[in-house]
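Participant: Got data_35.csv for you, CSV, C-alpha atoms and all ligand atoms:
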```csv
chain,number,residue,atom,x,y,z
K,223,MET,CA,0.0,0.0,0.0
K,224,LYS,CA,1.6,3.3,-1.1
K,225,PHE,CA,0.7,6.8,0.0
K,226,PRO,CA,2.2,9.7,-1.9
K,227,ARG,CA,4.3,12.5,-0.5
K,228,MET,CA,1.5,15.0,0.3
K,229,VAL,CA,3.8,18.1,-0.3
K,230,GLU,CA,3.7,17.1,-4.0
K,231,ILE,CA,-0.1,17.1,-4.0
K,232,ILE,CA,-1.5,19.7,-1.6
K,233,PRO,CA,0.1,23.2,-1.6
K,234,PRO,CA,0.3,25.3,1.5
K,235,GLY,CA,-2.9,27.3,2.1
K,236,LYS,CA,-5.1,29.0,4.7
K,237,LYS,CA,-8.9,29.2,5.2
K,238,ASN,CA,-10.1,30.9,8.4
K,239,ASN,CA,-8.4,29.0,11.2
K,240,TRP,CA,-7.5,25.9,9.1
K,241,ARG,CA,-4.1,25.7,7.4
K,242,VAL,CA,-2.1,23.3,5.2
K,243,GLU,CA,1.6,23.7,5.9
K,244,HIS,CA,4.7,22.2,4.5
K,245,PHE,CA,7.4,21.7,7.1
K,246,GLY,CA,10.9,20.3,7.3
K,247,LEU,CA,11.9,17.5,9.8
K,248,SER,CA,15.5,17.8,10.7
K,249,GLU,CA,17.6,14.8,11.9
K,250,GLU,CA,17.3,16.0,15.5
K,251,GLU,CA,13.5,16.4,15.2
K,252,ALA,CA,13.2,13.0,13.6
K,253,HIS,CA,14.8,11.5,16.7
K,254,MET,CA,12.6,13.5,19.0
K,255,LEU,CA,9.5,12.3,17.2
K,256,ALA,CA,10.7,8.7,17.6
K,257,VAL,CA,11.3,9.2,21.3
K,258,ARG,CA,7.8,10.7,21.8
K,259,ASP,CA,6.3,7.7,20.0
K,260,ILE,CA,8.2,5.2,22.1
K,261,ALA,CA,7.1,7.0,25.3
K,262,ASN,CA,3.4,7.0,24.4
K,263,PRO,CA,1.8,4.0,26.1
K,264,GLU,CA,-1.3,4.2,23.9
K,265,ARG,CA,0.8,3.5,20.8
K,266,LEU,CA,1.7,-0.1,20.1
K,267,THR,CA,3.5,0.5,16.8
K,268,LYS,CA,6.6,2.6,17.0
K,269,GLU,CA,7.7,4.5,14.0
K,270,TRP,CA,10.8,6.2,12.5
K,271,THR,CA,10.1,9.1,10.2
K,272,PRO,CA,13.2,10.1,8.2
K,273,PRO,CA,14.2,13.7,7.9
K,274,GLY,CA,12.6,15.5,5.0
K,275,MET,CA,9.7,17.7,3.9
K,276,TYR,CA,6.2,16.8,5.1
K,277,ALA,CA,2.7,18.3,5.0
K,278,ARG,CA,0.4,18.9,7.9
K,279,LEU,CA,-3.2,20.0,8.4
K,280,MET,CA,-3.6,22.4,11.3
K,281,CYS,CA,-6.5,24.1,13.0
K,282,ASP,CA,-5.2,26.9,15.3
K,283,HIS,CA,-2.6,25.0,17.3
K,284,THR,CA,-4.0,21.5,16.8
K,285,VAL,CA,-2.2,19.2,14.3
K,286,TRP,CA,-5.0,17.2,12.7
K,287,MET,CA,-3.0,15.2,10.2
K,288,THR,CA,0.5,14.9,8.8
K,289,ASP,CA,2.0,12.5,6.2
K,290,THR,CA,4.8,11.3,8.5
K,291,ASN,CA,5.4,7.6,8.9
K,292,THR,CA,3.3,7.3,12.0
K,293,GLU,CA,0.2,8.3,10.0
K,294,ARG,CA,1.2,6.1,7.1
K,295,THR,CA,1.6,3.1,9.3
K,296,THR,CA,-1.7,3.5,11.1
K,297,HIS,CA,-3.5,3.7,7.7
K,298,GLN,CA,-1.4,0.9,6.1
K,299,TYR,CA,-3.3,-2.3,7.0
K,300,TRP,CA,-6.9,-1.3,6.4
K,301,MET,CA,-6.2,0.8,3.3
K,302,GLY,CA,-4.4,-2.3,2.0
K,303,GLN,CA,-7.6,-4.3,2.5
K,304,ALA,CA,-9.8,-1.7,0.8
K,305,HIS,CA,-11.7,-2.5,-2.4
K,306,GLY,CA,-14.8,-1.5,-4.4
K,307,HIS,CA,-16.7,1.7,-3.3
K,308,VAL,CA,-15.0,3.1,-0.2
K,309,MET,CA,-16.5,5.6,2.1
K,310,VAL,CA,-14.0,7.7,4.1
K,311,GLY,CA,-15.2,9.8,7.1
K,312,GLY,CA,-12.8,12.7,7.6
K,313,LEU,CA,-10.9,14.2,4.6
K,314,GLY,CA,-7.8,15.6,6.4
K,315,LEU,CA,-4.9,16.0,4.0
K,316,GLY,CA,-6.5,13.4,1.7
K,317,MET,CA,-3.5,11.1,2.1
K,318,CYS,CA,-5.6,7.9,2.5
K,319,VAL,CA,-7.9,9.0,-0.4
K,320,CYS,CA,-4.8,9.3,-2.7
K,321,GLY,CA,-3.7,5.8,-1.6
K,322,LEU,CA,-7.2,4.5,-2.3
K,323,LEU,CA,-7.5,6.1,-5.7
K,324,GLU,CA,-4.2,4.5,-6.8
K,325,LYS,CA,-5.4,0.9,-5.8
K,326,PRO,CA,-6.7,-1.1,-8.7
K,327,GLU,CA,-9.2,-2.9,-6.4
K,328,VAL,CA,-10.8,0.5,-5.4
K,329,THR,CA,-13.5,1.6,-7.9
K,330,GLU,CA,-14.8,4.9,-6.3
K,331,VAL,CA,-14.4,6.9,-3.2
K,332,THR,CA,-16.9,9.0,-1.2
K,333,VAL,CA,-15.6,11.3,1.5
K,334,VAL,CA,-17.7,13.0,4.2
K,335,GLU,CA,-15.9,16.0,5.8
K,336,LEU,CA,-17.3,18.3,8.6
K,337,HIS,CA,-15.3,21.4,7.8
K,338,GLN,CA,-15.8,23.4,4.6
K,339,GLU,CA,-12.4,25.0,5.0
K,340,VAL,CA,-10.7,21.6,4.8
K,341,ILE,CA,-12.7,20.8,1.7
K,342,ASP,CA,-11.7,24.1,0.1
K,343,LEU,CA,-8.0,23.5,0.9
K,344,VAL,CA,-7.8,19.9,-0.3
K,345,LYS,CA,-10.6,19.0,-2.7
K,346,PRO,CA,-9.3,20.8,-5.9
K,347,HIS,CA,-6.0,18.9,-5.7
K,348,LEU,CA,-7.6,15.6,-5.0
K,349,ASN,CA,-9.8,16.0,-8.0
K,350,LYS,CA,-6.7,16.1,-10.1
K,351,VAL,CA,-5.5,12.8,-8.6
K,352,ALA,CA,-9.0,11.2,-9.2
K,353,GLN,CA,-8.9,12.4,-12.8
K,354,ARG,CA,-5.4,10.8,-13.3
K,355,TYR,CA,-6.8,7.5,-12.2
K,356,LYS,CA,-10.1,8.0,-14.0
K,357,LYS,CA,-12.1,7.2,-10.8
K,358,PRO,CA,-15.2,8.9,-9.3
K,359,LEU,CA,-14.4,10.9,-6.2
K,360,TYR,CA,-17.2,12.5,-4.2
K,361,ILE,CA,-16.3,14.9,-1.4
K,362,LEU,CA,-19.3,15.8,0.7
K,363,TYR,CA,-19.7,18.4,3.4
K,364,GLY,CA,-21.3,16.6,6.4
K,365,ASP,CA,-20.9,15.1,9.8
K,366,VAL,CA,-20.4,11.3,10.0
K,367,ASN,CA,-22.4,11.2,13.2
K,368,ILE,CA,-25.6,12.2,11.3
K,369,TYR,CA,-24.8,11.5,7.6
K,370,GLN,CA,-27.4,9.2,6.0
K,371,PRO,CA,-25.8,7.6,2.9
K,372,ASN,CA,-28.0,6.8,-0.1
K,373,ALA,CA,-25.6,4.1,-1.2
K,374,VAL,CA,-24.0,1.0,0.3
K,375,PHE,CA,-20.2,0.7,0.5
K,376,ASP,CA,-17.7,-2.2,0.3
K,377,CYS,CA,-15.5,-0.6,2.9
K,378,ILE,CA,-15.9,2.3,5.4
K,379,TRP,CA,-13.0,4.0,7.0
K,380,LEU,CA,-13.7,6.5,9.8
K,381,ASP,CA,-10.8,8.8,10.8
K,382,ILE,CA,-12.2,12.0,12.5
K,383,TRP,CA,-9.8,12.2,15.4
K,384,PRO,CA,-6.6,14.3,15.7
K,385,THR,CA,-4.9,11.9,18.2
K,386,ILE,CA,-4.8,8.2,19.2
K,387,CYS,CA,-6.7,8.3,22.5
K,388,ALA,CA,-8.7,5.7,24.4
K,389,ASP,CA,-11.4,8.4,25.1
K,390,ASN,CA,-12.4,7.9,21.4
K,391,LEU,CA,-13.4,4.3,21.9
K,392,ASP,CA,-17.0,4.9,22.8
K,393,GLN,CA,-17.6,7.1,19.7
K,394,MET,CA,-15.8,4.5,17.6
K,395,ASP,CA,-18.1,1.7,18.8
K,396,MET,CA,-21.1,3.9,18.2
K,397,LEU,CA,-20.0,4.8,14.6
K,398,ILE,CA,-19.2,1.2,13.8
K,399,GLU,CA,-22.7,0.2,14.8
K,400,ARG,CA,-24.2,3.1,12.9
K,401,TYR,CA,-22.4,2.3,9.6
K,402,ASP,CA,-22.6,-1.5,9.7
K,403,LYS,CA,-26.0,-1.2,7.9
K,404,TYR,CA,-24.4,0.7,5.0
K,405,LEU,CA,-22.1,-2.1,4.1
K,406,ARG,CA,-22.8,-4.1,1.0
K,407,CYS,CA,-23.9,-7.6,1.8
K,408,GLY,CA,-21.8,-10.5,0.4
K,409,SER,CA,-19.0,-8.4,-1.1
K,410,ALA,CA,-17.6,-9.5,-4.5
K,411,GLY,CA,-14.9,-12.1,-5.1
K,412,PRO,CA,-12.3,-12.8,-2.5
K,413,TYR,CA,-13.2,-9.6,-0.6
K,414,CYS,CA,-15.4,-9.0,2.4
K,415,SER,CA,-16.9,-5.7,3.4
K,416,TRP,CA,-15.8,-3.9,6.6
K,417,VAL,CA,-16.2,-0.7,8.7
K,418,LYS,CA,-13.2,0.4,10.7
K,419,CYS,CA,-12.0,3.4,12.7
K,420,TRP,CA,-8.5,4.7,12.5
K,421,SER,CA,-6.2,3.5,15.4
K,422,GLN,CA,-9.0,1.3,16.8
K,423,ASP,CA,-6.8,-1.8,16.6
K,424,GLU,CA,-4.0,-0.1,18.5
K,425,LEU,CA,-6.5,0.9,21.3
K,426,TYR,CA,-7.9,-2.6,21.6
K,427,PRO,CA,-4.9,-4.7,22.4
K,428,ASP,CA,-5.8,-8.4,22.7
K,429,GLU,CA,-4.9,-8.5,26.4
K,430,GLN,CA,-7.9,-6.2,27.2
K,431,ASP,CA,-10.1,-9.2,26.5
K,432,PRO,CA,-8.5,-12.6,27.2
K,433,ASP,CA,-11.4,-14.4,25.3
K,434,ILE,CA,-10.4,-12.7,21.9
K,435,VAL,CA,-8.5,-15.2,19.8
K,436,ASP,CA,-7.6,-12.7,17.1
K,437,LEU,CA,-9.1,-10.2,14.7
K,438,CYS,CA,-10.6,-11.7,11.6
K,439,ASN,CA,-8.1,-11.3,8.8
K,440,LYS,CA,-10.9,-10.4,6.3
K,441,CYS,CA,-13.2,-8.0,8.2
K,442,GLY,CA,-11.3,-7.1,11.3
K,443,ALA,CA,-14.1,-8.2,13.7
K,444,ASN,CA,-13.1,-9.6,17.1
K,445,VAL,CA,-13.1,-13.4,17.0
K,446,TYR,CA,-13.8,-15.0,20.4
K,447,GLU,CA,-12.9,-18.4,21.7
K,448,ASP,CA,-16.5,-19.6,21.6
K,449,ASP,CA,-17.1,-18.3,18.1
K,450,ASP,CA,-16.9,-20.5,15.0
K,451,TYR,CA,-13.8,-19.5,13.1
K,452,TYR,CA,-11.4,-20.9,10.6
K,453,ILE,CA,-7.7,-20.8,10.0
K,454,ASP,CA,-6.9,-19.8,6.4
K,455,ASN,CA,-3.1,-19.9,5.5
K,456,GLY,CA,-2.4,-19.5,9.2
K,457,LEU,CA,-4.7,-16.5,9.6
K,458,VAL,CA,-8.0,-16.3,11.5
K,459,VAL,CA,-11.2,-15.9,9.5
K,460,CYS,CA,-14.6,-15.5,11.1
K,461,ALA,CA,-17.5,-17.7,10.2
K,462,GLU,CA,-19.3,-14.9,8.4
K,463,CYS,CA,-16.3,-14.2,6.1
K,464,LYS,CA,-15.7,-17.8,5.5
K,465,GLU,CA,-19.3,-18.1,4.3
K,466,CYS,CA,-18.8,-15.1,2.1
K,467,LEU,CA,-15.6,-16.6,0.6
K,468,ASP,CA,-17.2,-19.9,0.0
K,469,ASP,CA,-20.1,-18.4,-2.0
K,501,LIG,C1,-7.1,13.1,11.1
K,501,LIG,S1,-8.0,13.9,9.8
K,501,LIG,C2,-8.2,12.7,8.6
K,501,LIG,C3,-6.9,12.3,7.9
K,501,LIG,C4,-7.1,11.5,6.7
K,501,LIG,N1,-7.3,10.1,7.0
K,501,LIG,C5,-6.0,11.6,5.7
K,501,LIG,O1,-5.5,10.5,5.2
K,501,LIG,O2,-5.5,12.7,5.4
K,501,LIG,C6,-9.6,14.1,10.5
K,501,LIG,C7,-10.6,14.8,9.6
K,501,LIG,O3,-11.9,14.5,10.1
K,501,LIG,C8,-12.6,15.7,10.0
K,501,LIG,N2,-13.8,15.6,11.0
K,501,LIG,C9,-13.8,15.7,12.3
K,501,LIG,N3,-15.0,15.4,12.8
K,501,LIG,C10,-15.7,15.0,11.8
K,501,LIG,C11,-17.1,14.6,11.7
K,501,LIG,N4,-17.9,14.5,12.8
K,501,LIG,N5,-17.6,14.2,10.4
K,501,LIG,C12,-16.8,14.3,9.3
K,501,LIG,N6,-15.5,14.8,9.4
K,501,LIG,C13,-15.0,15.1,10.6
K,501,LIG,C14,-11.6,16.8,10.4
K,501,LIG,O4,-12.1,18.1,10.0
K,501,LIG,C15,-10.4,16.3,9.6
K,501,LIG,O5,-10.4,16.8,8.3
```
Translate the structure described by the file into structure tokens.
Ligand SMILES: C[S@@+](CC[C@H](N)C(=O)[O-])C[C@H]1O[C@@H](n2cnc3c(N)ncnc32)[C@H](O)[C@@H]1O
Facilitator:
Amino acid sequence: MKFPRMVEIIPPGKKNNWRVEHFGLSEEEAHMLAVRDIANPERLTKEWTPPGMYARLMCDHTVWMTDTNTERTTHQYWMGQAHGHVMVGGLGLGMCVCGLLEKPEVTEVTVVELHQEVIDLVKPHLNKVAQRYKKPLYILYGDVNIYQPNAVFDCIWLDIWPTICADNLDQMDMLIERYDKYLRCGSAGPYCSWVKCWSQDELYPDEQDPDIVDLCNKCGANVYEDDDYYIDNGLVVCAECKECLDD
């Protein structure tokens, strides 16, 4: 799964209190960033971002998104599983949208974004990426907490939080329940549909629930000891996905 360098796609800009900035990460700052990552107990994955130029989305003093390796890694797995019509909650810098558009398995992308300023700063540049890959891209102004899709999706990725924090778990659970009904039933070919929230896997380490065997490798659902599940090439697959694969 590849994400582009966002400094090559989104230029610096400002709309009210929202800004896209390009910034340089020096050798010393790269080490500081790695140390902060190691020290954060809520992060299971530790990352090294090499020195260089990066982009960030800011609102006042809050950093909402960067394209450093921490962000790339936390998007890597689920964006790698994405296919068909993908809904994305939270536009940010559009990094994951660029990665999705490049994937042959992804046919169209719908984004729901709460802040018009973010849309104004990012959308014109993402439209060019979508044109390059000849794929439909819809960027809608809305709130994922109340948005009522008039379509079903193969995959839904919700990333509306500026930081990885256990306080977000309740909202994640609520959103997953809300969006489950907007998933296409019996997805095509070897793929299963899923709804996931950014950083959710990091915040639910297995040891929190000793009965969890693993996450299903196809849809990401928790698989419990008492559930029916299968091992496919050494990976856990839940009963529902197994049925879907067998069809
Ligand atoms: C962390 S950024 C998303 C980063 C994105 N995944 C990327 O690859 O660049 C979060 C985005 O969610 C938006 N957002 C926050 N709350 C939202 C909500 N309730 N509905 C839709 N978008 C929301 C923010 O304005 C921000 O653009």
Participant: Would you give me, as CSV, each residue of chain K having an atom within 7 Å of an atom of ligand LIG 501 (chain K), along with its shortest atom pair and that distance in Å to one decimal, using all atoms listed in the file and sorting by chain and residue number?
Facilitator:
```
residue,atom,partner,partner_atom,distance
K:Trp286,CA,K:LIG501,C1,4.9
K:Met287,CA,K:LIG501,C1,4.7
K:Gly311,CA,K:LIG501,C12,5.3
K:Gly312,CA,K:LIG501,O3,3.2
K:Leu313,CA,K:LIG501,O5,4.5
K:Gly314,CA,K:LIG501,O5,3.4
K:Leu315,CA,K:LIG501,O2,3.6
K:Gly316,CA,K:LIG501,O2,3.9
K:Met317,CA,K:LIG501,O1,3.7
K:Cys318,CA,K:LIG501,O1,3.7
K:Val319,CA,K:LIG501,O1,6.3
K:Val334,CA,K:LIG501,C12,5.3
K:Glu335,CA,K:LIG501,N6,3.8
K:Leu336,CA,K:LIG501,N6,4.0
K:His337,CA,K:LIG501,O4,5.1
K:Val340,CA,K:LIG501,O5,5.9
K:Gly364,CA,K:LIG501,C12,5.8
K:Asp365,CA,K:LIG501,N5,3.5
K:Val366,CA,K:LIG501,N5,4.1
K:Asn367,CA,K:LIG501,N4,5.6
K:Asp381,CA,K:LIG501,C2,5.2
K:Ile382,CA,K:LIG501,O3,3.5
K:Trp383,CA,K:LIG501,C1,5.2
K:Pro384,CA,K:LIG501,C1,4.8
```
Participant: Could you tell me, as a ChimeraX atom specification, which residues have any atom at most 12 Å from (-14.2, -5.6, 7.3), counting all atoms listed in the file?
Facilitator: /K:299-305,308,375-379,398,401-402,405-409,413-419,437-444,459-460,462-463,466
Participant: For a quick check of your reading of the model, name the residues lying within 10 Å of the coordinate (-12.8, 13.3, -4.2), counting all atoms listed in the file, and write them as a list in words.
Facilitator: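 The answer, in the requested form, is Leu313, Gly316, Val319, Cys320, Leu323, Glu330, Val331, Thr332, Val333, Val334, Ile341, Val344, Lys345, Pro346, His347, Leu348, Asn349, Lys350, Val351, Ala352, Gln353, Lys357, Pro358, Leu359, Tyr360, Ile361 and Leu362 of chain K.
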Participant: Considering all atoms listed in the file, state which residue in the set K:Pro234, K:Pro326, K:Gly246, K:Gly456 is at the smallest distance from Met280 in chain K.
Facilitator: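 Checking each of K:Pro234, K:Pro326, K:Gly246, K:Gly456 against Met280 in chain K, counting all atoms listed in the file, the winner is K:Pro234.
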Participant: Find the residues around Lys237 in chain K up to 9 Å (all atoms listed in the file counted), leave out those fewer than 6 positions away in its own chain, and share them as number ranges by chain.
Facilitator: K: 339-340, 342-343
Participant: So how far away is CA of Leu380 in chain K from CA of His283 in chain K, in Å?
Facilitator: 22.8 Å
Participant: Pick the closest to Leu457 in chain K from K:Thr385, K:Arg354, K:Arg294, K:Val445: which is it, counting only C-alpha atoms?
Facilitator: K:Val445
Participant: To one decimal place, how far is CA of Asp389 in chain K from CA of Gln298 in chain K in Å?
Facilitator: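 It comes out at 22.7 Å.
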